[in-house]
Each structure stands twice: as structure tokens, then as C-alpha cells.
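Novice: Following this message is one structure expressed as C-alpha cells.
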Amino acid sequence: MIAGVHTQGEDCIELRRLFRYFGKTKAVHDISFSVARGHVFGYIGPNGAGKTTSMRILSTLDLPSFGDAFVDGFSVVNDPELVRRRLGFMPDSFGTYRDVNCEEYLDFFARAYGLVGRERTERLRWVLDFTGTVGMKDKPIRGLSKGMKQRLCLGRALVHDPKVMILDEPAAGLDPRARIQLRKMIRELADRGKTILISSHILTELAEMCDSVGIIEQGQLLATGSVDDIQRQRNQTRELIVRVLDRAEDAAAALKIHLPTRLAVELGTTADGSPPAEPGKIIVDGELIRFEFEGDVRDQAELVAWMVGQGFAIAEVQSHKKSLEDVFLQVTEGLVQ
Ligand SMILES: Nc1ncnc2c1ncn2[C@@H]1O[C@H](COP(=O)(O)OP(=O)(O)OP(=O)(O)O)[C@@H](O)[C@H]1O
């Protein structure tokens, strides 16, 4: 066993009762969570929530006031050197390397990590290829677009083939195409076994690429788990939209009696373009019946079978889960900044 290794389990990132105070500011206040090997964890919070502070501690650029964090089992407090070798950090700002070209930039970091000879050449070639920057390698950094700079910055974090990657707002300022490309690269890195912690304000972006998320506000972790877990923890419902070929009002009235605990208590009717169903309402909109439903997929199947048994001709059923954005708004609601 290697001296200093704290955990041998499947968790590759662990924050354990982490605190960081700046004077009276509680930037990070008693945060604990872990990220399993090969998973992507989304760290979500508004401005000033404490994301960058936690990421800087994980990356050994700052120390906690109390508590500890572990990367691949090594403590950021006791074994920062060992942590650095296993970790690639992509900061939220690029830094001042305007006059070097892309290849020189990556080469500088490869040398800083002690890569030599053929290993360095091959690694640089792989990074340029993976990040799609081969065609840019001779270009000075000052001439690069924001998207290309972000790719290069990701390349820099990858140059020593780290097990863990910490990406601070990598999608900020990117156009939609560049965001999609970045998302693909991050998923591919996770599929290759890298453990990734990524922060963002772009919540819907994270929903698609993350295995789990943590929602942080005012230095405190308010919720953690998969988006589905958090929805369940918050006892959230889904919206069901049922299209019936006729007698929509009758179907809604029957539903109201059949499922009193699972859905609405009040019947409402809206015109076209109406907002989503509010909790506690069944909305009839032409052929569509919309309502919030607390059951799981089996309950949903039973409900559809029951409606068919009642003689209603169901043409279509859609189930809409709450988006990560909805979850975020619900979880952070009520905390004064
Ligand atoms: N070096 C510092 N000195 C004093 N206060 C700091 C320092 N670094 C961060 N803070 C404060 O700690 C709190 C958390 O900041 P942090 O940068 O971690 O938030 P964040 O979630 O990354 O925000 P953003 O999304 O805006 O980057 C803020 O109130 C910030 O002003």
C-alpha cells in the first residue's frame, strides 16, 4: 500500500467537512461529497456560492480553514504533490500567455509536469488531436477565438494524463456549437475513466453530461445526487400530458375522482399557449389533458390502462421531468444572498 493513501474505494474525489473562511465570509461551509471513478459531477451554484474556492482547494491552489479533500485517495493538505500529479485543473480564466503559440504553450506545461523525450512528443500529439487544435498549433494564443482558447486550456489540463479533472466554468462564453463539442469531449474523457468535477451556471448543459450534481449556495451544499435523486428528495412531480381523441373534459373529471392523492384537486381550463400545469390542477386544452403526477412509470402505465378501460381513446401520453434548471430554482429558493 502506498503511504498516505486515504481511501482505496471507488471514490476518486472526496470533500470531507470542508470549510474555507475569508475573514467573516464563509466561502465554503462544511461541504462533504464524493465522486465515483469515471463519473462526471456537476457543481452548480450562483455567483459567489463557493464553487471556485472549493475547486481551488481540490487543485491545491489554496488550503481549507478546516476539513480535508482527497484526490484519488491523497489528501490535498498532507500530500499536495501527489494530488497535483493526478489532477488536471482548467481555471475559469486563461491567464497571460499571449505571445506563445499553442504547441509551445502545451509543451511548457508538459515540461512542467516532467514529461521528456518521446513520451512528451506523443502526449502533445494526442492532446492536440483530441482537443481539435492540431491546425492551430503554430498560431499565437492572442489570435485564438474563445472556443479555441477553451480547447487549449482543456488540453493543458490533460497534458500529463491526469486521473481527475477539475473544470471551472469551461462552457462560459462559448457559442452553442462549441458547447456541444466541449460536452462531447468531457463525456469521452469520462468514458476513458477520468473523474471530472465541472462547475457551471449553464444548468441545462450539465443535466445531459453529469452523472450527479451538487447544488451549492452561500458556501453550503443544499442538495447532491443524480438529478432524479434530487427530484425524488424534493418530492417533485412530473407533468403528464395525455391526448384523448374526444371527451377530454369527461376524462379530466374522471381522473380527478380516480386519483385524488396523486394529482389535482381543482379542475381548470386554458386557452392555447398556456403555461405548464400548476401543482393541484388538471388542465384541459383541446384534446390535451395536463396535470402533475407523483407516481413512477408503473403507476403511469396503470393510469393509462385505467383510462383505456374507462373507454377513453388515448392517442398519446407524454411525461416531462423537471429540468435541472427547475430543480435548481426550487432547491435554492428562499435563501437570501
Ligand atoms: N481570496 C478571497 N478573499 C476574500 N474573499 C474571497 C476570496 N475568494 C473568494 N472570496 C469570497 O468567497 C465567496 C465565494 O467565492 P467563489 O469565487 O468561490 O464563488 P463562485 O461560486 O466560484 O462564484 P462565481 O460563479 O461568481 O465564480 C464570495 O463571497 C467571494 O467574494
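Going through the C-alpha cells in order, the chains are called A, B, and so on, while each chain numbers its residues from 1 and the ligands are numbered from 1 in the order shown.
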Any chance you could list, as a PyMOL selection string, the residues in range 100-196 of chain A that come up alpha helix (DSSP H) when DSSP is run on the backbone?

Specialist: chain A and resi 102-112+117-130+146-158+176-191

Novice: For ligand 1, collect every residue having any atom at a distance of at most 6 Å from a ligand atom (counting only C-alpha atoms and all ligand atoms); output as a list in words.

Specialist: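 The neighbouring residues of ligand 1 are, in order, Phe22, Ala27, Gly45, Pro46, Asn47, Gly48, Ala49, Gly50, Lys51, Thr52 and Thr53 of chain A.
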
Novice: Would you please work out which residue, of A:Arg120, A:His258, A:Arg151, A:Arg247, is nearest to Arg179 in chain A when using only C-alpha atoms?

Specialist: A:Arg151

Novice: Just list the residues in range 171-256 of chain A DSSP gives strand (DSSP E or B) on the backbone, as a list in words.

Specialist: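 Filtering range 171-256 of chain A to strand (DSSP E or B) leaves Thr195, Ile196, Leu197, Ile198, Ser199, Ser200, Ser212, Val213, Gly214, Ile215, Ile216, Glu217, Gln220, Leu221, Leu222, Ala223, Thr224, Gly225, Arg238, Glu239, Leu240, Ile241, Val242, Arg243 and Val244 of chain A.
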
Novice: Using only C-alpha atoms, pick whichever of A:Phe293, A:Phe130, A:Trp306, A:Phe70 has the shortest atom-to-atom distance to His320 in chain A.

Specialist: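 Closest residue, counting only C-alpha atoms: A:Phe293.
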
Novice: Would you compute the distance between CA of Ser93 in chain A and CA of Ser75 in chain A? Give it in Å to one decimal.

Specialist: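 Computing the Euclidean distance for CA of Ser93 in chain A and CA of Ser75 in chain A yields 25.6 Å.
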
Novice: Between A:Thr131, A:Thr60, A:Gln310, A:Thr224, which residue has the minimum interatomic distance to Phe89 in chain A, considering only C-alpha atoms?

Specialist: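 Ranked by minimum distance to Phe89 in chain A, first place goes to A:Thr60.
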
Novice: Have a look at A:Ser200, A:Arg16, A:Asp175, A:Val127 and name the one nearest to Lys146 in chain A; count only C-alpha atoms.

Specialist: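 Between A:Ser200, A:Arg16, A:Asp175, A:Val127, the residue approaching Lys146 in chain A most closely is A:Asp175.
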
Novice: Can you work out the spacing between CA of Met136 in chain A and CA of Leu87 in chain A in Å, to one decimal?

Specialist: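 Atom-to-atom, CA of Met136 in chain A to CA of Leu87 in chain A, that is 25.4 Å.
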
Novice: Choose the residue, out of A:Val159, A:Ile44, A:Lys139, A:Val28, that has the smallest atom-to-atom separation from Glu205 in chain A; count only C-alpha atoms.

Specialist: A:Ile44

Novice: Would you mind listing what lies within 12 Å of Glu188 in chain A as a ChimeraX atom specification, with only C-alpha atoms counted and same-chain residues fewer than 6 positions away left out?

Specialist: /A:38-40,130-131,181-182,194-196,209
